[in-house]
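structure-v9.json, holding JSON, C-alpha atoms and all ligand atoms:
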[["chain", "number", "residue", "atom", "x", "y", "z"],
["F", 26, "MET", "CA", -22.29, -28.97, 14.77],
["F", 27, "ILE", "CA", -21.85, -32.42, 13.24],
["F", 28, "LYS", "CA", -19.57, -34.47, 15.47],
["F", 29, "LYS", "CA", -20.41, -38.03, 14.40],
["F", 30, "ALA", "CA", -20.04, -40.03, 11.22],
["F", 31, "VAL", "CA", -21.31, -43.43, 10.14],
["F", 32, "ILE", "CA", -19.45, -45.47, 7.55],
["F", 33, "PRO", "CA", -21.44, -48.45, 6.22],
["F", 34, "ALA", "CA", -18.95, -51.13, 5.23],
["F", 35, "ALA", "CA", -20.77, -54.42, 5.68],
["F", 36, "GLY", "CA", -21.78, -55.11, 2.08],
["F", 37, "LEU", "CA", -20.76, -58.22, 0.15],
["F", 38, "GLY", "CA", -18.98, -56.42, -2.68],
["F", 39, "THR", "CA", -20.30, -58.82, -5.32],
["F", 40, "ARG", "CA", -19.28, -56.48, -8.16],
["F", 41, "PHE", "CA", -15.63, -57.00, -7.22],
["F", 42, "LEU", "CA", -15.53, -60.79, -6.98],
["F", 43, "PRO", "CA", -13.38, -62.83, -6.73],
["F", 44, "ALA", "CA", -11.15, -60.29, -4.90],
["F", 45, "THR", "CA", -13.88, -59.76, -2.29],
["F", 46, "LYS", "CA", -14.54, -63.42, -1.57],
["F", 47, "ALA", "CA", -12.43, -63.37, 1.59],
["F", 48, "GLN", "CA", -11.49, -59.70, 1.99],
["F", 49, "PRO", "CA", -13.56, -56.53, 2.33],
["F", 50, "LYS", "CA", -13.73, -54.28, -0.74],
["F", 51, "GLU", "CA", -13.25, -51.38, 1.68],
["F", 52, "MET", "CA", -9.73, -52.74, 2.36],
["F", 53, "LEU", "CA", -8.67, -52.85, -1.29],
["F", 54, "PRO", "CA", -5.68, -50.53, -1.61],
["F", 55, "ILE", "CA", -5.48, -47.50, -3.84],
["F", 56, "ILE", "CA", -1.71, -47.92, -4.35],
["F", 57, "ASP", "CA", -0.79, -48.47, -0.67],
["F", 58, "THR", "CA", -3.72, -47.12, 1.31],
["F", 59, "PRO", "CA", -7.00, -48.99, 1.86],
["F", 60, "VAL", "CA", -10.12, -47.31, 0.48],
["F", 61, "ILE", "CA", -11.68, -46.97, 3.94],
["F", 62, "GLN", "CA", -8.65, -45.08, 5.26],
["F", 63, "TYR", "CA", -9.33, -42.34, 2.70],
["F", 64, "VAL", "CA", -12.93, -42.27, 3.92],
["F", 65, "VAL", "CA", -11.90, -42.00, 7.58],
["F", 66, "GLN", "CA", -9.41, -39.28, 6.61],
["F", 67, "GLU", "CA", -12.25, -37.32, 4.98],
["F", 68, "CYS", "CA", -14.14, -37.45, 8.31],
["F", 69, "VAL", "CA", -11.10, -36.25, 10.24],
["F", 70, "ASP", "CA", -10.41, -33.48, 7.70],
["F", 71, "SER", "CA", -14.04, -32.40, 8.17],
["F", 72, "GLY", "CA", -13.62, -32.12, 11.95],
["F", 73, "ILE", "CA", -15.28, -35.46, 12.84],
["F", 74, "GLU", "CA", -13.44, -37.77, 15.18],
["F", 75, "ASP", "CA", -16.26, -39.98, 16.41],
["F", 76, "ILE", "CA", -16.84, -42.60, 13.75],
["F", 77, "LEU", "CA", -19.06, -45.68, 13.71],
["F", 78, "ILE", "CA", -18.15, -48.27, 11.11],
["F", 79, "ILE", "CA", -20.93, -50.70, 10.20],
["F", 80, "SER", "CA", -19.03, -53.94, 9.90],
["F", 81, "GLY", "CA", -20.05, -57.52, 9.29],
["F", 82, "LYS", "CA", -18.98, -61.02, 8.41],
["F", 83, "GLY", "CA", -15.49, -61.19, 6.89],
["F", 84, "LYS", "CA", -14.68, -57.57, 7.76],
["F", 85, "ARG", "CA", -12.31, -58.08, 10.70],
["F", 86, "SER", "CA", -9.34, -56.70, 8.78],
["F", 87, "ILE", "CA", -10.97, -53.25, 8.89],
["F", 88, "GLU", "CA", -10.83, -53.35, 12.70],
["F", 89, "ASP", "CA", -7.26, -54.62, 12.63],
["F", 90, "HIS", "CA", -6.22, -51.86, 10.24],
["F", 91, "PHE", "CA", -7.23, -49.11, 12.69],
["F", 92, "ASP", "CA", -5.91, -51.01, 15.73],
["F", 93, "ARG", "CA", -2.38, -50.89, 17.12],
["F", 94, "ASN", "CA", 0.05, -53.54, 15.84],
["F", 95, "PHE", "CA", 2.87, -53.72, 18.39],
["F", 96, "GLU", "CA", 4.82, -56.43, 16.58],
["F", 97, "LEU", "CA", 4.85, -54.49, 13.31],
["F", 98, "GLU", "CA", 5.77, -51.26, 15.09],
["F", 99, "ALA", "CA", 8.70, -52.95, 16.84],
["F", 100, "CYS", "CA", 9.90, -54.36, 13.52],
["F", 101, "ILE", "CA", 9.71, -50.95, 11.77],
["F", 102, "GLN", "CA", 11.39, -49.27, 14.75],
["F", 103, "GLU", "CA", 14.27, -51.74, 14.50],
["F", 104, "LYS", "CA", 14.67, -50.79, 10.85],
["F", 105, "GLU", "CA", 14.72, -47.14, 11.96],
["F", 106, "ASP", "CA", 12.18, -46.25, 9.27],
["F", 107, "GLU", "CA", 10.70, -43.17, 10.88],
["F", 108, "ILE", "CA", 8.39, -42.30, 7.98],
["F", 109, "VAL", "CA", 6.62, -45.68, 7.96],
["F", 110, "PHE", "CA", 6.58, -45.76, 11.77],
["F", 111, "ASN", "CA", 4.80, -42.40, 11.85],
["F", 112, "GLN", "CA", 2.36, -43.61, 9.20],
["F", 113, "LEU", "CA", 1.45, -46.59, 11.39],
["F", 114, "ARG", "CA", 0.96, -44.41, 14.47],
["F", 115, "HIS", "CA", -1.13, -41.98, 12.43],
["F", 116, "ILE", "CA", -3.56, -44.74, 11.38],
["F", 117, "GLU", "CA", -4.02, -45.95, 14.96],
["F", 118, "ASN", "CA", -4.70, -42.45, 16.25],
["F", 119, "MET", "CA", -6.77, -41.00, 13.43],
["F", 120, "ALA", "CA", -10.09, -40.94, 15.29],
["F", 121, "ASN", "CA", -12.28, -42.68, 17.87],
["F", 122, "ILE", "CA", -13.53, -45.53, 15.76],
["F", 123, "HIS", "CA", -16.34, -47.76, 16.95],
["F", 124, "PHE", "CA", -17.67, -50.86, 15.25],
["F", 125, "ILE", "CA", -21.06, -52.51, 15.15],
["F", 126, "ARG", "CA", -21.86, -55.64, 13.19],
["F", 127, "GLN", "CA", -24.74, -55.85, 10.75],
["F", 128, "LYS", "CA", -25.51, -59.53, 11.17],
["F", 129, "GLU", "CA", -27.84, -59.85, 8.18],
["F", 130, "LEU", "CA", -27.20, -57.88, 5.03],
["F", 131, "ASN", "CA", -30.54, -56.15, 4.69],
["F", 132, "GLY", "CA", -29.31, -53.17, 2.70],
["F", 133, "LEU", "CA", -27.86, -49.70, 3.22],
["F", 134, "GLY", "CA", -30.97, -48.47, 5.06],
["F", 135, "ASP", "CA", -30.71, -51.32, 7.56],
["F", 136, "ALA", "CA", -26.97, -50.66, 7.97],
["F", 137, "ILE", "CA", -27.72, -47.06, 8.94],
["F", 138, "LEU", "CA", -30.45, -48.17, 11.34],
["F", 139, "HIS", "CA", -27.65, -49.89, 13.30],
["F", 140, "ALA", "CA", -26.28, -46.40, 14.11],
["F", 141, "ARG", "CA", -29.42, -45.32, 15.98],
["F", 142, "PHE", "CA", -28.10, -45.64, 19.53],
["F", 143, "HIS", "CA", -24.67, -44.35, 18.63],
["F", 144, "CYS", "CA", -26.03, -41.16, 17.06],
["F", 145, "GLY", "CA", -28.87, -40.59, 19.53],
["F", 146, "SER", "CA", -30.49, -37.21, 18.96],
["F", 147, "GLU", "CA", -27.61, -35.69, 16.97],
["F", 148, "PRO", "CA", -27.36, -35.07, 13.24],
["F", 149, "PHE", "CA", -24.61, -37.15, 11.64],
["F", 150, "ALA", "CA", -22.69, -37.65, 8.41],
["F", 151, "VAL", "CA", -22.85, -40.85, 6.36],
["F", 152, "LEU", "CA", -19.93, -41.77, 4.09],
["F", 153, "LEU", "CA", -20.13, -44.96, 2.02],
["F", 154, "GLY", "CA", -17.11, -47.08, 2.82],
["F", 155, "ASP", "CA", -16.39, -47.90, -0.82],
["F", 156, "THR", "CA", -16.57, -44.34, -2.15],
["F", 157, "VAL", "CA", -13.74, -41.82, -2.16],
["F", 158, "ILE", "CA", -14.33, -38.20, -3.09],
["F", 159, "ASP", "CA", -11.22, -36.37, -4.18],
["F", 160, "ALA", "CA", -11.79, -32.72, -3.32],
["F", 161, "VAL", "CA", -9.88, -29.64, -2.21],
["F", 162, "ILE", "CA", -12.43, -29.00, 0.55],
["F", 163, "PRO", "CA", -13.50, -32.44, 1.86],
["F", 164, "ALA", "CA", -16.98, -33.36, 0.58],
["F", 165, "THR", "CA", -18.28, -33.91, 4.11],
["F", 166, "GLN", "CA", -16.95, -30.50, 5.16],
["F", 167, "GLN", "CA", -18.76, -28.89, 2.20],
["F", 168, "MET", "CA", -22.01, -30.51, 3.37],
["F", 169, "ILE", "CA", -21.49, -29.62, 7.04],
["F", 170, "ASP", "CA", -21.10, -25.96, 6.00],
["F", 171, "THR", "CA", -24.45, -26.18, 4.16],
["F", 172, "PHE", "CA", -26.13, -27.98, 7.07],
["F", 173, "GLU", "CA", -25.05, -25.23, 9.43],
["F", 174, "GLN", "CA", -26.77, -22.71, 7.18],
["F", 175, "TYR", "CA", -29.99, -24.60, 6.34],
["F", 176, "GLY", "CA", -30.41, -27.24, 9.09],
["F", 177, "GLN", "CA", -31.92, -29.80, 6.68],
["F", 178, "PRO", "CA", -30.71, -33.30, 5.74],
["F", 179, "ILE", "CA", -28.45, -33.22, 2.68],
["F", 180, "ILE", "CA", -27.77, -35.73, -0.08],
["F", 181, "ALA", "CA", -24.54, -35.27, -2.04],
["F", 182, "VAL", "CA", -25.10, -35.44, -5.78],
["F", 183, "GLU", "CA", -22.97, -35.37, -8.91],
["F", 184, "THR", "CA", -23.81, -34.72, -12.55],
["F", 185, "VAL", "CA", -23.77, -37.90, -14.62],
["F", 186, "PRO", "CA", -24.06, -38.26, -18.42],
["F", 187, "PRO", "CA", -27.66, -38.95, -19.59],
["F", 188, "ASP", "CA", -26.82, -42.51, -20.69],
["F", 189, "LYS", "CA", -25.83, -43.36, -17.08],
["F", 190, "VAL", "CA", -28.92, -41.91, -15.37],
["F", 191, "SER", "CA", -30.64, -45.30, -15.23],
["F", 192, "ARG", "CA", -27.82, -46.72, -13.06],
["F", 193, "TYR", "CA", -28.20, -44.35, -10.10],
["F", 194, "GLY", "CA", -30.57, -42.76, -7.61],
["F", 195, "ILE", "CA", -31.59, -39.50, -9.28],
["F", 196, "VAL", "CA", -32.89, -36.34, -7.58],
["F", 197, "GLY", "CA", -35.24, -33.60, -8.75],
["F", 198, "GLY", "CA", -36.18, -30.30, -7.17],
["F", 199, "THR", "CA", -36.13, -26.52, -7.17],
["F", 200, "GLU", "CA", -32.84, -24.71, -7.53],
["F", 201, "ILE", "CA", -31.81, -22.66, -4.48],
["F", 202, "ASN", "CA", -28.49, -21.78, -6.06],
["F", 203, "LYS", "CA", -26.02, -23.37, -8.50],
["F", 204, "LYS", "CA", -25.01, -26.02, -5.98],
["F", 205, "LEU", "CA", -28.24, -26.59, -4.03],
["F", 206, "LEU", "CA", -31.63, -28.09, -4.83],
["F", 207, "GLN", "CA", -34.65, -28.20, -2.55],
["F", 208, "LEU", "CA", -35.61, -31.80, -3.16],
["F", 209, "ASP", "CA", -39.06, -32.81, -4.34],
["F", 210, "ASP", "CA", -38.25, -36.08, -6.03],
["F", 211, "LEU", "CA", -35.90, -39.01, -5.53],
["F", 212, "ILE", "CA", -36.05, -41.94, -7.93],
["F", 213, "GLU", "CA", -33.95, -45.09, -7.85],
["F", 214, "LYS", "CA", -32.55, -45.99, -11.29],
["F", 215, "PRO", "CA", -35.12, -44.17, -13.49],
["F", 216, "GLU", "CA", -35.44, -44.54, -17.26],
["F", 217, "VAL", "CA", -33.71, -41.60, -18.95],
["F", 218, "LYS", "CA", -37.05, -40.23, -20.16],
["F", 219, "LYS", "CA", -38.54, -40.29, -16.65],
["F", 220, "ALA", "CA", -35.49, -38.91, -14.82],
["F", 221, "PRO", "CA", -36.13, -35.51, -13.19],
["F", 222, "SER", "CA", -32.49, -34.49, -13.72],
["F", 223, "ASN", "CA", -29.06, -35.98, -14.32],
["F", 224, "LEU", "CA", -27.96, -35.44, -10.71],
["F", 225, "ALA", "CA", -27.06, -38.76, -9.12],
["F", 226, "VAL", "CA", -26.76, -39.65, -5.44],
["F", 227, "ALA", "CA", -23.02, -39.67, -4.69],
["F", 228, "GLY", "CA", -22.29, -41.64, -1.50],
["F", 229, "ARG", "CA", -22.33, -38.88, 1.13],
["F", 230, "TYR", "CA", -25.23, -37.72, 3.32],
["F", 231, "ILE", "CA", -25.93, -35.51, 6.29],
["F", 232, "LEU", "CA", -28.86, -37.04, 8.15],
["F", 233, "THR", "CA", -30.96, -36.00, 11.13],
["F", 234, "PRO", "CA", -32.25, -38.50, 13.75],
["F", 235, "ASP", "CA", -35.74, -38.59, 12.19],
["F", 236, "ILE", "CA", -34.24, -40.81, 9.48],
["F", 237, "PHE", "CA", -34.35, -43.68, 12.01],
["F", 238, "THR", "CA", -38.15, -43.45, 12.38],
["F", 239, "ALA", "CA", -38.45, -43.29, 8.59],
["F", 240, "LEU", "CA", -36.18, -46.33, 8.21],
["F", 241, "GLU", "CA", -38.31, -48.30, 10.65],
["F", 242, "LYS", "CA", -41.36, -47.57, 8.52],
["F", 243, "THR", "CA", -39.59, -48.42, 5.28],
["F", 244, "PRO", "CA", -40.73, -51.71, 3.75],
["F", 245, "ARG", "CA", -38.23, -53.91, 1.98],
["F", 246, "GLY", "CA", -37.69, -52.57, -1.52],
["F", 247, "LYS", "CA", -35.37, -53.34, -4.38],
["F", 248, "GLY", "CA", -33.37, -56.56, -3.87],
["F", 249, "ASN", "CA", -35.60, -57.29, -0.84],
["F", 250, "GLU", "CA", -33.41, -54.79, 1.07],
["F", 251, "ILE", "CA", -34.23, -51.74, 3.18],
["F", 252, "GLN", "CA", -33.19, -48.91, 0.92],
["F", 253, "LEU", "CA", -32.01, -45.57, 2.28],
["F", 254, "THR", "CA", -33.50, -43.89, -0.79],
["F", 255, "ASP", "CA", -36.97, -45.23, 0.14],
["F", 256, "ALA", "CA", -36.63, -43.92, 3.71],
["F", 257, "LEU", "CA", -35.54, -40.51, 2.41],
["F", 258, "ARG", "CA", -38.62, -40.46, 0.21],
["F", 259, "ILE", "CA", -40.80, -41.09, 3.31],
["F", 260, "LEU", "CA", -38.97, -38.28, 5.11],
["F", 261, "LEU", "CA", -39.49, -35.97, 2.15],
["F", 262, "LYS", "CA", -43.27, -36.03, 2.74],
["F", 263, "HIS", "CA", -42.84, -34.08, 5.99],
["F", 264, "ASN", "CA", -39.33, -32.61, 5.94],
["F", 265, "GLY", "CA", -37.21, -30.47, 3.69],
["F", 266, "ILE", "CA", -34.22, -32.28, 2.18],
["F", 267, "LEU", "CA", -31.45, -30.66, 0.16],
["F", 268, "ALA", "CA", -29.33, -32.07, -2.65],
["F", 269, "GLN", "CA", -25.87, -30.56, -2.90],
["F", 270, "THR", "CA", -23.56, -30.81, -5.88],
["F", 271, "ILE", "CA", -20.17, -31.55, -4.42],
["F", 272, "GLU", "CA", -17.05, -29.85, -5.72],
["F", 273, "GLY", "CA", -14.76, -32.80, -6.27],
["F", 274, "LYS", "CA", -14.52, -36.09, -8.08],
["F", 275, "ARG", "CA", -16.31, -39.20, -6.91],
["F", 276, "HIS", "CA", -14.67, -42.63, -7.18],
["F", 277, "ASP", "CA", -16.77, -45.78, -6.71],
["F", 278, "LEU", "CA", -14.16, -48.31, -5.66],
["F", 279, "GLY", "CA", -16.71, -51.12, -5.61],
["F", 280, "ASP", "CA", -16.61, -50.97, -9.41],
["F", 281, "LYS", "CA", -13.65, -52.64, -11.12],
["F", 282, "LEU", "CA", -13.14, -50.11, -13.92],
["F", 283, "ASP", "CA", -13.52, -47.15, -11.58],
["F", 284, "PHE", "CA", -11.02, -48.80, -9.24],
["F", 285, "LEU", "CA", -8.45, -49.15, -12.04],
["F", 286, "LYS", "CA", -8.93, -45.55, -13.19],
["F", 287, "THR", "CA", -8.67, -44.25, -9.62],
["F", 288, "THR", "CA", -5.46, -46.15, -8.99],
["F", 289, "ILE", "CA", -3.86, -44.63, -12.10],
["F", 290, "GLU", "CA", -5.18, -41.14, -11.34],
["F", 291, "PHE", "CA", -3.94, -41.21, -7.74],
["F", 292, "ALA", "CA", -0.57, -42.68, -8.74],
["F", 293, "LEU", "CA", -0.08, -39.89, -11.30],
["F", 294, "LYS", "CA", -0.42, -37.42, -8.42],
["F", 295, "ARG", "CA", 2.39, -39.06, -6.44],
["F", 296, "ASP", "CA", 5.90, -37.70, -7.07],
["F", 297, "GLU", "CA", 7.57, -41.13, -6.88],
["F", 298, "PHE", "CA", 5.25, -42.68, -9.50],
["F", 299, "ALA", "CA", 4.14, -39.87, -11.81],
["F", 300, "LYS", "CA", 7.04, -39.82, -14.27],
["F", 301, "PRO", "CA", 7.73, -43.58, -14.65],
["F", 302, "LEU", "CA", 4.00, -44.38, -14.77],
["F", 303, "ARG", "CA", 3.31, -41.75, -17.43],
["F", 304, "GLU", "CA", 6.19, -43.14, -19.53],
["F", 305, "PHE", "CA", 4.93, -46.70, -19.03],
["F", 306, "ILE", "CA", 1.38, -45.77, -20.10],
["F", 307, "LYS", "CA", 2.66, -43.97, -23.23],
["F", 308, "GLN", "CA", 4.79, -46.98, -24.11],
["F", 309, "ILE", "CA", 2.08, -49.63, -23.73],
["F", 310, "ILE", "CA", -0.41, -47.52, -25.67],
["F", 311, "LYS", "CA", 2.14, -47.23, -28.51],
["F", 312, "GLU", "CA", 2.66, -51.02, -28.43],
["F", 313, "LYS", "CA", -1.08, -51.81, -28.65],
["F", 401, "LIG", "P1", -23.17, -51.20, -2.18],
["F", 401, "LIG", "O1", -24.52, -51.49, -2.67],
["F", 401, "LIG", "O2", -22.18, -50.58, -3.11],
["F", 401, "LIG", "O3", -22.48, -52.45, -1.51],
["F", 401, "LIG", "O4", -23.31, -50.35, -0.85],
["F", 401, "LIG", "P2", -22.49, -53.98, -1.84],
["F", 401, "LIG", "O5", -23.84, -54.54, -1.68],
["F", 401, "LIG", "O6", -21.38, -54.53, -1.02],
["F", 401, "LIG", "O7", -22.01, -53.92, -3.38],
["F", 401, "LIG", "P3", -22.15, -54.97, -4.57],
["F", 401, "LIG", "O8", -23.20, -54.33, -5.44],
["F", 401, "LIG", "O9", -22.52, -56.31, -4.01],
["F", 401, "LIG", "O10", -20.80, -54.97, -5.22],
["F", 401, "LIG", "C1", -22.59, -49.16, -0.53],
["F", 401, "LIG", "C2", -21.96, -49.25, 0.85],
["F", 401, "LIG", "O11", -22.90, -49.69, 1.81],
["F", 401, "LIG", "C3", -22.41, -50.82, 2.52],
["F", 401, "LIG", "C4", -21.34, -51.42, 1.60],
["F", 401, "LIG", "O12", -20.34, -52.08, 2.37],
["F", 401, "LIG", "C5", -20.79, -50.22, 0.86],
["F", 401, "LIG", "O13", -19.69, -49.62, 1.52],
["F", 401, "LIG", "N1", -23.54, -51.76, 2.81],
["F", 401, "LIG", "C6", -24.36, -52.21, 1.81],
["F", 401, "LIG", "C7", -23.73, -52.17, 4.12],
["F", 401, "LIG", "O14", -23.01, -51.77, 5.05],
["F", 401, "LIG", "N2", -24.75, -53.06, 4.37],
["F", 401, "LIG", "C8", -25.58, -53.53, 3.41],
["F", 401, "LIG", "O15", -26.50, -54.35, 3.72],
["F", 401, "LIG", "C9", -25.37, -53.09, 2.08]]
Could you write out this structure as structure tokens?
Ligand code: UTP
Amino acid sequence: MIKKAVIPAAGLGTRFLPATKAQPKEMLPIIDTPVIQYVVQECVDSGIEDILIISGKGKRSIEDHFDRNFELEACIQEKEDEIVFNQLRHIENMANIHFIRQKELNGLGDAILHARFHCGSEPFAVLLGDTVIDAVIPATQQMIDTFEQYGQPIIAVETVPPDKVSRYGIVGGTEINKKLLQLDDLIEKPEVKKAPSNLAVAGRYILTPDIFTALEKTPRGKGNEIQLTDALRILLKHNGILAQTIEGKRHDLGDKLDFLKTTIEFALKRDEFAKPLREFIKQIIKEK
């Protein structure tokens, strides 16, 4: 059983500047809920309540968000707003959330290495703190179900159009079934011609503790950072790794355009916004 999750959230968020100069991209709200709250909710909906967030400089607001705020609670209680009050209590009690600081930003691989003592000898889920996957069955739950059957590390993947292949980590392998590949190749940002598939790494992983040994052996790679992809490639020499196509839609909230699209998409699903927003969009398109 997977009982622990790691959420790396220490990155600089340079693609979203200037908004991320003094606030974490993981705290940017999709309408009224910070990105990282969706990620924590995915853990909880997948049966995981022990969560380690990899934090860092300028990320204190993430800790505050999941902490209790007595002053705010008293204020909302005075207003007798039970709905908002319950929302606040829900956030504080979502899960057992631990924090560790990544003092130097040495990449995603290094961030995960910080989880070594927390995870010990257990397999664990990794959910990127800036990526939301909208799915009927939570993406992490889908992967846990596969892990229970196969017992191998799993990389979540999604199909991307050929012209976008060179932007992502791309996997190749032998098909086990429509959703699963037995990995034999993992290439970071390949040229379209050299890409083994158009299945891109999608921000969710199930990892086993041997990833820590692989990460220790991983030399600095692209951007002079320790890349998780490189460590997985080391692991692949000795271990089986699966790639699973997730049923759901991935949103990279570290990207400005994806953030805008996600906000609109999520707002159109909310009863209080759907109708007026749809009318507004129709009207501004007509005006352009
Ligand atoms: P990204 O590569 O998207 O994060 O990492 P970044 O470096 O902040 O992004 P840009 O390119 O500068 O905009 C994916 C996740 O891994 C975390 C990030 O916080 C993000 O949630 N991360 C990345 C770390 O925790 N530590 C790192 O050293 C790098």
Selection within 8 Å of ligand LIG 401 (chain F) by all atoms listed in the file, output as a PyMOL selection string: chain F and resi 32-41+50-51+79-81+127+129-137+153-156+228+250+279-280
Nearest-residue call for Ala239 in chain F, choices F:Lys189, F:Arg303, F:Arg141, F:Lys311, using only C-alpha atoms: F:Arg141
Computed interatomic separation between CA of Asp57 in chain F and CA of Ala181 in chain F (Å): 27.2 Å
Atom pair CA of Ile73 in chain F / CA of Val226 in chain F: separation (Å): 22.0 Å
Å distance separating CA of Ile231 in chain F from CA of Leu53 in chain F, one decimal place: 25.6 Å
For Tyr175 in chain F: contacts at 12 Å, only C-alpha atoms, fewer than 2 positions along chain excluded, given as a list in words: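 Returned residues: Met168, Ile169, Asp170, Thr171, Phe172, Glu173, Gln177, Pro178, Ile179, Ile201, Leu205, Leu206, Gln207, Ile231, Gly265, Ile266, Leu267, Ala268 and Gln269 of chain F.
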Nearest-residue call for His90 in chain F, choices F:Thr233, F:Ser71, F:Gln112, F:Gln62, using all atoms listed in the file: F:Gln62
Pick from F:Ala299, F:Ile116, F:Val182, F:Ala256 nearest to Lys242 in chain F, counting all atoms listed in the file: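 Of the candidates, the smallest distance to Lys242 in chain F is held by F:Ala256.
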Within-9 Å shell of (-39.1, -31.8, -0.9) in input frame, all atoms listed in the file, as a list in words: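 Protein, DNA and RNA residues close to (-39.1, -31.8, -0.9): Gly197, Gly198, Thr199, Gln207, Leu208, Asp209, Asp210, Arg258, Leu260, Leu261, Lys262, His263, Asn264, Gly265, Ile266 and Leu267 of chain F.
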Option closest in space to His123 in chain F, from F:Lys219, F:Ser86, F:Cys68, F:Asp75 [counting only C-alpha atoms]: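 Checking each candidate against His123 in chain F, we get F:Asp75 as the closest.
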Surrounding residues of Gly72 in chain F excluding itself and chain neighbours under 4 positions, 10 Å, only C-alpha atoms, as a list in words: Met26, Ile27, Lys28, Lys29, Gln66, Glu67, Cys68, Thr165, Gln166 and Ile169 of chain F
